[in-house]
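Colleague: Can you read through this structure? Questions will come right after.
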There are 2 protein chains.
Amino acid sequence: MNNEQQEIVVTEKELVINMLVSAWEAQNKRFAAFLDKVTDAELAGETSPGRNTGNYLLGHLTAVNDGMLPLLDLGAKLYPELEEPFLASPDKSGKIMPSTAELREKWHNVTALLHEHFKKMSADEWFGRHTSVSAEDFAKEPHRNKLNILISRTTHQGYHFGQMAYLVKKS
Amino acid sequence: MNNEQQEIVVTEKELVINMLVSAWEAQNKRFAAFLDKVTDAELAGETSPGRNTGNYLLGHLTAVNDGMLPLLDLGAKLYPELEEPFLASPDKSGKIMPSTAELREKWHNVTALLHEHFKKMSADEWFGRHTSVSAEDFAKEPHRNKLNILISRTTHQGYHFGQMAYLVKKS
C-alpha cells in the first residue's frame, strides 16, 4: 500500500463519519423547522386517534437524545428528569411532564450540545466503544461503537418524526 | 504507518459498511414482520385520518427500494410501473395500483434482490458514485456515493414505517 492509497482510505473513514453526522444534522434541521411550524395545541394532540401525543414524542426524542451524552462519553444528561415520564413510562401515564414550551427548549438545548460535541469528535473517537459495552465485549463486537449509536438514533428519530408530521394540518 | 495500523483502517471501512447494511437489513426484517401481521383491510385504511393509506405507503416504499437498483448500478428496476402511481402521484390519485397481495409480493422481491446484491458488493463499490451524480461532480462531492443512498433510504423507510405502524390495532 503506497502513500496515495493510505490517504484515500483515511479520507473514506472521515468521509463516512461526515456523511452520518450530516444525515443526523439534516434530520434535526427538518425537525427544528417542524417545531417552528407546529403549534402547542397541535403538539398536545394525538398523532393519530388513540396514539402517542406530540408532547410525549417530543419528550421521548429529547430524552433519547439526552441519553446520547453519557452513551457517547460526552458528559452527564442535561435533563435526567425526562427519563421517568418519557423513557420508563408510556404516554398518559400520569407522570409529571414539563410544559410544551419547556419541552421545545430542552430538545433544542440537547440537540445543540450534541452538535457542538460532534464538531470536535475525531474519527477514532467515533469508532471507539460506547459506554454501555465493556472493553471485553467490544473487542469481540467492534460494531458496537459510537457511530452505531448515531445510526440507530437517526433511524429512531425518523420513525417518530414521521408520526409527528401528522400533527400539522394539511394545507 | 505500519502494517498493523493499515489493517485497522481497512477493517473500519468495511466495518462501517457492515453496520449500515445491518441497520438496513434489521429495519427490513422488522418491516417484513409487520407485513406478516398487518391485514389487507388494515393496509387499505389510512394511517391517520386524511393521511396516506397503507397500500400507498407500501407501494411508495417498494418503488423507492426498486429505484435503488439503477441508482446503485445494480440493474434495471423490477417494477417500473410503480413509478407513476407511487412516486409521481400522491395517494388517491386515481392511478391504477396493484392489488395489496401484489404490493406485498413486490416489496419482498425487491428487498430480497437488494439483499443478494448487498452481500456481494465490495467496500470500494459502496464508496463509489451513484448513477445520478456525474464523475465530475463526484470528484468534488465524494459523499455522493452509494453508501449515502443506503443511509438516506434507511431513514426514509423508517419515517414511513413509523406511520404504517399505526395501521395495526393496539393489542
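Residues in the C-alpha cells are numbered from 1 in each chain, the chains being A, B, ... in the order shown, and ligands are numbered from 1 in the order shown.
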Looking only at helix (DSSP H, G or I) from DSSP on the backbone, list the matching residues of segment 12-158 of chain B as a PyMOL selection string.
Modeller: chain B and resi 12-37+40-44+54-71+80-86+100-120+123-126+135-140+146-158
Colleague: Counting only C-alpha atoms, which residues in chain B sit no more than 6 Å from chain A? For each one, give the nearest pair of atoms and the distance in Å, sorted by chain then residue number, as JSON lines.
Modeller:
{"residue": "B:Lys13", "atom": "CA", "partner": "A:Lys13", "partner_atom": "CA", "distance": 6.0}
{"residue": "B:Ser48", "atom": "CA", "partner": "A:Ser48", "partner_atom": "CA", "distance": 5.2}
{"residue": "B:Thr155", "atom": "CA", "partner": "A:Thr155", "partner_atom": "CA", "distance": 5.2}
{"residue": "B:Gly158", "atom": "CA", "partner": "A:Tyr159", "partner_atom": "CA", "distance": 4.8}
{"residue": "B:Tyr159", "atom": "CA", "partner": "A:Tyr159", "partner_atom": "CA", "distance": 4.3}
{"residue": "B:His160", "atom": "CA", "partner": "A:Gly162", "partner_atom": "CA", "distance": 6.0}
{"residue": "B:Gly162", "atom": "CA", "partner": "A:Tyr159", "partner_atom": "CA", "distance": 4.5}
{"residue": "B:Gln163", "atom": "CA", "partner": "A:Gln163", "partner_atom": "CA", "distance": 5.3}
Colleague: Superimpose chain B on chain A so that the squared distances between all in-order C-alpha pairs are minimised, and send the result as a PDB file with C-alpha atoms, in the first residue's frame.
Modeller:
ATOM      1  CA  MET B   1       0.122   0.070  -0.091  1.00  0.00           C
ATOM      2  CA  ASN B   2       1.654   3.402  -1.139  1.00  0.00           C
ATOM      3  CA  ASN B   3       1.071   6.810   0.382  1.00  0.00           C
ATOM      4  CA  GLU B   4      -1.633   7.756  -2.086  1.00  0.00           C
ATOM      5  CA  GLN B   5      -3.718   4.698  -1.244  1.00  0.00           C
ATOM      6  CA  GLN B   6      -3.286   5.298   2.481  1.00  0.00           C
ATOM      7  CA  GLU B   7      -4.633   8.783   2.111  1.00  0.00           C
ATOM      8  CA  ILE B   8      -7.724   7.572   0.253  1.00  0.00           C
ATOM      9  CA  VAL B   9      -8.502   5.009   2.965  1.00  0.00           C
ATOM     10  CA  VAL B  10      -8.198   7.553   5.770  1.00  0.00           C
ATOM     11  CA  THR B  11     -10.299  10.020   3.799  1.00  0.00           C
ATOM     12  CA  GLU B  12     -13.069   7.468   3.358  1.00  0.00           C
ATOM     13  CA  LYS B  13     -13.152   6.789   7.076  1.00  0.00           C
ATOM     14  CA  GLU B  14     -13.607  10.482   7.801  1.00  0.00           C
ATOM     15  CA  LEU B  15     -15.948  10.828   4.844  1.00  0.00           C
ATOM     16  CA  VAL B  16     -18.378   8.250   6.153  1.00  0.00           C
ATOM     17  CA  ILE B  17     -18.423   9.936   9.574  1.00  0.00           C
ATOM     18  CA  ASN B  18     -19.199  13.243   7.871  1.00  0.00           C
ATOM     19  CA  MET B  19     -21.988  11.546   5.915  1.00  0.00           C
ATOM     20  CA  LEU B  20     -23.550  10.098   9.053  1.00  0.00           C
ATOM     21  CA  VAL B  21     -23.236  13.290  11.087  1.00  0.00           C
ATOM     22  CA  SER B  22     -24.694  15.201   8.117  1.00  0.00           C
ATOM     23  CA  ALA B  23     -27.662  12.809   7.933  1.00  0.00           C
ATOM     24  CA  TRP B  24     -28.264  13.383  11.645  1.00  0.00           C
ATOM     25  CA  GLU B  25     -27.894  17.159  11.343  1.00  0.00           C
ATOM     26  CA  ALA B  26     -30.135  17.345   8.275  1.00  0.00           C
ATOM     27  CA  GLN B  27     -32.860  15.476  10.108  1.00  0.00           C
ATOM     28  CA  ASN B  28     -32.520  17.768  13.133  1.00  0.00           C
ATOM     29  CA  LYS B  29     -32.764  20.781  10.847  1.00  0.00           C
ATOM     30  CA  ARG B  30     -36.009  19.463   9.356  1.00  0.00           C
ATOM     31  CA  PHE B  31     -37.293  18.614  12.809  1.00  0.00           C
ATOM     32  CA  ALA B  32     -36.442  22.114  14.095  1.00  0.00           C
ATOM     33  CA  ALA B  33     -38.349  23.609  11.140  1.00  0.00           C
ATOM     34  CA  PHE B  34     -41.258  21.337  12.031  1.00  0.00           C
ATOM     35  CA  LEU B  35     -41.149  22.563  15.661  1.00  0.00           C
ATOM     36  CA  ASP B  36     -41.283  26.155  14.394  1.00  0.00           C
ATOM     37  CA  LYS B  37     -44.443  25.315  12.494  1.00  0.00           C
ATOM     38  CA  VAL B  38     -46.382  23.036  14.836  1.00  0.00           C
ATOM     39  CA  THR B  39     -48.493  24.836  17.459  1.00  0.00           C
ATOM     40  CA  ASP B  40     -48.634  23.991  21.166  1.00  0.00           C
ATOM     41  CA  ALA B  41     -52.256  22.929  20.655  1.00  0.00           C
ATOM     42  CA  GLU B  42     -51.228  20.556  17.869  1.00  0.00           C
ATOM     43  CA  LEU B  43     -48.425  19.094  19.997  1.00  0.00           C
ATOM     44  CA  ALA B  44     -50.912  18.459  22.799  1.00  0.00           C
ATOM     45  CA  GLY B  45     -52.995  16.325  20.444  1.00  0.00           C
ATOM     46  CA  GLU B  46     -52.574  12.687  19.421  1.00  0.00           C
ATOM     47  CA  THR B  47     -50.551  11.881  16.301  1.00  0.00           C
ATOM     48  CA  SER B  48     -53.368   9.509  15.314  1.00  0.00           C
ATOM     49  CA  PRO B  49     -56.510   8.527  17.264  1.00  0.00           C
ATOM     50  CA  GLY B  50     -55.503   6.622  20.406  1.00  0.00           C
ATOM     51  CA  ARG B  51     -51.765   7.025  19.693  1.00  0.00           C
ATOM     52  CA  ASN B  52     -48.957   8.975  21.357  1.00  0.00           C
ATOM     53  CA  THR B  53     -49.353  12.727  21.721  1.00  0.00           C
ATOM     54  CA  GLY B  54     -46.923  15.147  20.146  1.00  0.00           C
ATOM     55  CA  ASN B  55     -45.783  16.260  23.602  1.00  0.00           C
ATOM     56  CA  TYR B  56     -44.949  12.698  24.600  1.00  0.00           C
ATOM     57  CA  LEU B  57     -42.971  12.017  21.426  1.00  0.00           C
ATOM     58  CA  LEU B  58     -41.154  15.359  21.752  1.00  0.00           C
ATOM     59  CA  GLY B  59     -40.221  14.475  25.333  1.00  0.00           C
ATOM     60  CA  HIS B  60     -39.298  10.945  24.267  1.00  0.00           C
ATOM     61  CA  LEU B  61     -36.991  12.137  21.488  1.00  0.00           C
ATOM     62  CA  THR B  62     -35.438  14.715  23.814  1.00  0.00           C
ATOM     63  CA  ALA B  63     -34.811  12.075  26.487  1.00  0.00           C
ATOM     64  CA  VAL B  64     -33.289   9.698  23.913  1.00  0.00           C
ATOM     65  CA  ASN B  65     -31.039  12.438  22.538  1.00  0.00           C
ATOM     66  CA  ASP B  66     -30.086  13.410  26.089  1.00  0.00           C
ATOM     67  CA  GLY B  67     -29.100   9.792  26.720  1.00  0.00           C
ATOM     68  CA  MET B  68     -26.602  10.034  23.878  1.00  0.00           C
ATOM     69  CA  LEU B  69     -24.430  12.331  26.037  1.00  0.00           C
ATOM     70  CA  PRO B  70     -23.386   9.653  28.584  1.00  0.00           C
ATOM     71  CA  LEU B  71     -23.614   6.871  25.969  1.00  0.00           C
ATOM     72  CA  LEU B  72     -21.097   8.663  23.746  1.00  0.00           C
ATOM     73  CA  ASP B  73     -19.012   9.591  26.805  1.00  0.00           C
ATOM     74  CA  LEU B  74     -19.701  13.288  26.313  1.00  0.00           C
ATOM     75  CA  GLY B  75     -20.870  14.028  29.835  1.00  0.00           C
ATOM     76  CA  ALA B  76     -23.936  13.659  32.024  1.00  0.00           C
ATOM     77  CA  LYS B  77     -27.507  14.055  30.846  1.00  0.00           C
ATOM     78  CA  LEU B  78     -28.810  17.617  30.857  1.00  0.00           C
ATOM     79  CA  TYR B  79     -32.314  16.529  31.903  1.00  0.00           C
ATOM     80  CA  PRO B  80     -32.287  13.196  33.742  1.00  0.00           C
ATOM     81  CA  GLU B  81     -35.804  14.026  34.970  1.00  0.00           C
ATOM     82  CA  LEU B  82     -37.118  13.224  31.475  1.00  0.00           C
ATOM     83  CA  GLU B  83     -36.234   9.566  31.865  1.00  0.00           C
ATOM     84  CA  GLU B  84     -39.143   8.621  34.126  1.00  0.00           C
ATOM     85  CA  PRO B  85     -42.031  10.162  32.134  1.00  0.00           C
ATOM     86  CA  PHE B  86     -40.644   9.660  28.600  1.00  0.00           C
ATOM     87  CA  LEU B  87     -38.470   6.523  28.640  1.00  0.00           C
ATOM     88  CA  ALA B  88     -39.664   4.425  31.584  1.00  0.00           C
ATOM     89  CA  SER B  89     -43.355   5.246  31.087  1.00  0.00           C
ATOM     90  CA  PRO B  90     -45.772   5.251  28.159  1.00  0.00           C
ATOM     91  CA  ASP B  91     -47.841   8.293  27.227  1.00  0.00           C
ATOM     92  CA  LYS B  92     -50.752   9.248  29.492  1.00  0.00           C
ATOM     93  CA  SER B  93     -49.019   7.648  32.489  1.00  0.00           C
ATOM     94  CA  GLY B  94     -49.980  10.501  34.769  1.00  0.00           C
ATOM     95  CA  LYS B  95     -46.290  11.185  35.424  1.00  0.00           C
ATOM     96  CA  ILE B  96     -45.375  14.857  35.669  1.00  0.00           C
ATOM     97  CA  MET B  97     -44.351  16.227  32.281  1.00  0.00           C
ATOM     98  CA  PRO B  98     -42.695  19.580  31.553  1.00  0.00           C
ATOM     99  CA  SER B  99     -44.734  22.198  29.706  1.00  0.00           C
ATOM    100  CA  THR B 100     -44.679  22.222  25.913  1.00  0.00           C
ATOM    101  CA  ALA B 101     -42.552  25.386  25.963  1.00  0.00           C
ATOM    102  CA  GLU B 102     -40.037  23.635  28.216  1.00  0.00           C
ATOM    103  CA  LEU B 103     -40.012  20.531  26.025  1.00  0.00           C
ATOM    104  CA  ARG B 104     -39.282  22.628  22.946  1.00  0.00           C
ATOM    105  CA  GLU B 105     -36.433  24.390  24.740  1.00  0.00           C
ATOM    106  CA  LYS B 106     -34.952  21.155  26.090  1.00  0.00           C
ATOM    107  CA  TRP B 107     -34.999  19.506  22.663  1.00  0.00           C
ATOM    108  CA  HIS B 108     -33.149  22.492  21.226  1.00  0.00           C
ATOM    109  CA  ASN B 109     -30.603  22.588  24.065  1.00  0.00           C
ATOM    110  CA  VAL B 110     -29.774  18.880  23.918  1.00  0.00           C
ATOM    111  CA  THR B 111     -29.527  18.879  20.153  1.00  0.00           C
ATOM    112  CA  ALA B 112     -27.328  21.983  20.116  1.00  0.00           C
ATOM    113  CA  LEU B 113     -25.003  20.476  22.729  1.00  0.00           C
ATOM    114  CA  LEU B 114     -24.662  17.235  20.736  1.00  0.00           C
ATOM    115  CA  HIS B 115     -23.930  19.348  17.658  1.00  0.00           C
ATOM    116  CA  GLU B 116     -21.092  21.148  19.466  1.00  0.00           C
ATOM    117  CA  HIS B 117     -19.595  17.862  20.630  1.00  0.00           C
ATOM    118  CA  PHE B 118     -19.904  16.213  17.205  1.00  0.00           C
ATOM    119  CA  LYS B 119     -17.940  19.057  15.602  1.00  0.00           C
ATOM    120  CA  LYS B 120     -14.993  18.196  17.836  1.00  0.00           C
ATOM    121  CA  MET B 121     -15.070  14.378  17.800  1.00  0.00           C
ATOM    122  CA  SER B 122     -12.258  12.625  15.959  1.00  0.00           C
ATOM    123  CA  ALA B 123     -12.740   9.677  13.616  1.00  0.00           C
ATOM    124  CA  ASP B 124     -11.088   7.415  16.172  1.00  0.00           C
ATOM    125  CA  GLU B 125     -13.499   8.529  18.861  1.00  0.00           C
ATOM    126  CA  TRP B 126     -16.470   7.672  16.647  1.00  0.00           C
ATOM    127  CA  PHE B 127     -15.061   4.194  16.089  1.00  0.00           C
ATOM    128  CA  GLY B 128     -14.466   3.731  19.796  1.00  0.00           C
ATOM    129  CA  ARG B 129     -16.829   1.812  22.070  1.00  0.00           C
ATOM    130  CA  HIS B 130     -19.898   3.414  23.543  1.00  0.00           C
ATOM    131  CA  THR B 131     -20.227   3.353  27.316  1.00  0.00           C
ATOM    132  CA  SER B 132     -22.828   0.589  27.586  1.00  0.00           C
ATOM    133  CA  VAL B 133     -20.484  -2.029  26.113  1.00  0.00           C
ATOM    134  CA  SER B 134     -17.526  -3.388  28.078  1.00  0.00           C
ATOM    135  CA  ALA B 135     -13.990  -3.338  26.689  1.00  0.00           C
ATOM    136  CA  GLU B 136     -14.077  -7.165  26.582  1.00  0.00           C
ATOM    137  CA  ASP B 137     -17.294  -7.349  24.572  1.00  0.00           C
ATOM    138  CA  PHE B 138     -16.182  -4.513  22.328  1.00  0.00           C
ATOM    139  CA  ALA B 139     -13.038  -6.442  21.366  1.00  0.00           C
ATOM    140  CA  LYS B 140     -15.319  -9.169  19.995  1.00  0.00           C
ATOM    141  CA  GLU B 141     -18.055  -6.851  18.667  1.00  0.00           C
ATOM    142  CA  PRO B 142     -16.328  -3.763  17.249  1.00  0.00           C
ATOM    143  CA  HIS B 143     -19.544  -2.615  15.570  1.00  0.00           C
ATOM    144  CA  ARG B 144     -20.810  -1.565  19.020  1.00  0.00           C
ATOM    145  CA  ASN B 145     -19.120   1.781  18.590  1.00  0.00           C
ATOM    146  CA  LYS B 146     -20.314   5.372  18.936  1.00  0.00           C
ATOM    147  CA  LEU B 147     -21.046   5.668  15.230  1.00  0.00           C
ATOM    148  CA  ASN B 148     -23.555   2.844  15.537  1.00  0.00           C
ATOM    149  CA  ILE B 149     -25.413   4.807  18.220  1.00  0.00           C
ATOM    150  CA  LEU B 150     -25.656   7.713  15.803  1.00  0.00           C
ATOM    151  CA  ILE B 151     -27.024   5.417  13.063  1.00  0.00           C
ATOM    152  CA  SER B 152     -29.670   3.862  15.291  1.00  0.00           C
ATOM    153  CA  ARG B 153     -30.720   7.194  16.798  1.00  0.00           C
ATOM    154  CA  THR B 154     -31.121   8.761  13.351  1.00  0.00           C
ATOM    155  CA  THR B 155     -33.448   5.936  12.303  1.00  0.00           C
ATOM    156  CA  HIS B 156     -35.334   6.071  15.607  1.00  0.00           C
ATOM    157  CA  GLN B 157     -35.856   9.819  15.358  1.00  0.00           C
ATOM    158  CA  GLY B 158     -37.027   9.443  11.748  1.00  0.00           C
ATOM    159  CA  TYR B 159     -39.582   6.827  12.804  1.00  0.00           C
ATOM    160  CA  HIS B 160     -41.227   9.168  15.326  1.00  0.00           C
ATOM    161  CA  PHE B 161     -40.820  12.241  13.131  1.00  0.00           C
ATOM    162  CA  GLY B 162     -42.965  10.501  10.508  1.00  0.00           C
ATOM    163  CA  GLN B 163     -45.656  10.156  13.160  1.00  0.00           C
ATOM    164  CA  MET B 164     -45.331  13.704  14.480  1.00  0.00           C
ATOM    165  CA  ALA B 165     -45.674  15.069  10.948  1.00  0.00           C
ATOM    166  CA  TYR B 166     -49.352  14.089  11.259  1.00  0.00           C
ATOM    167  CA  LEU B 167     -49.868  16.755  13.932  1.00  0.00           C
ATOM    168  CA  VAL B 168     -49.717  19.602  11.432  1.00  0.00           C
ATOM    169  CA  LYS B 169     -52.882  20.219   9.448  1.00  0.00           C
ATOM    170  CA  LYS B 170     -52.561  19.596   5.735  1.00  0.00           C
ATOM    171  CA  SER B 171     -52.537  22.878   3.838  1.00  0.00           C
TER     172      SER B 171
END
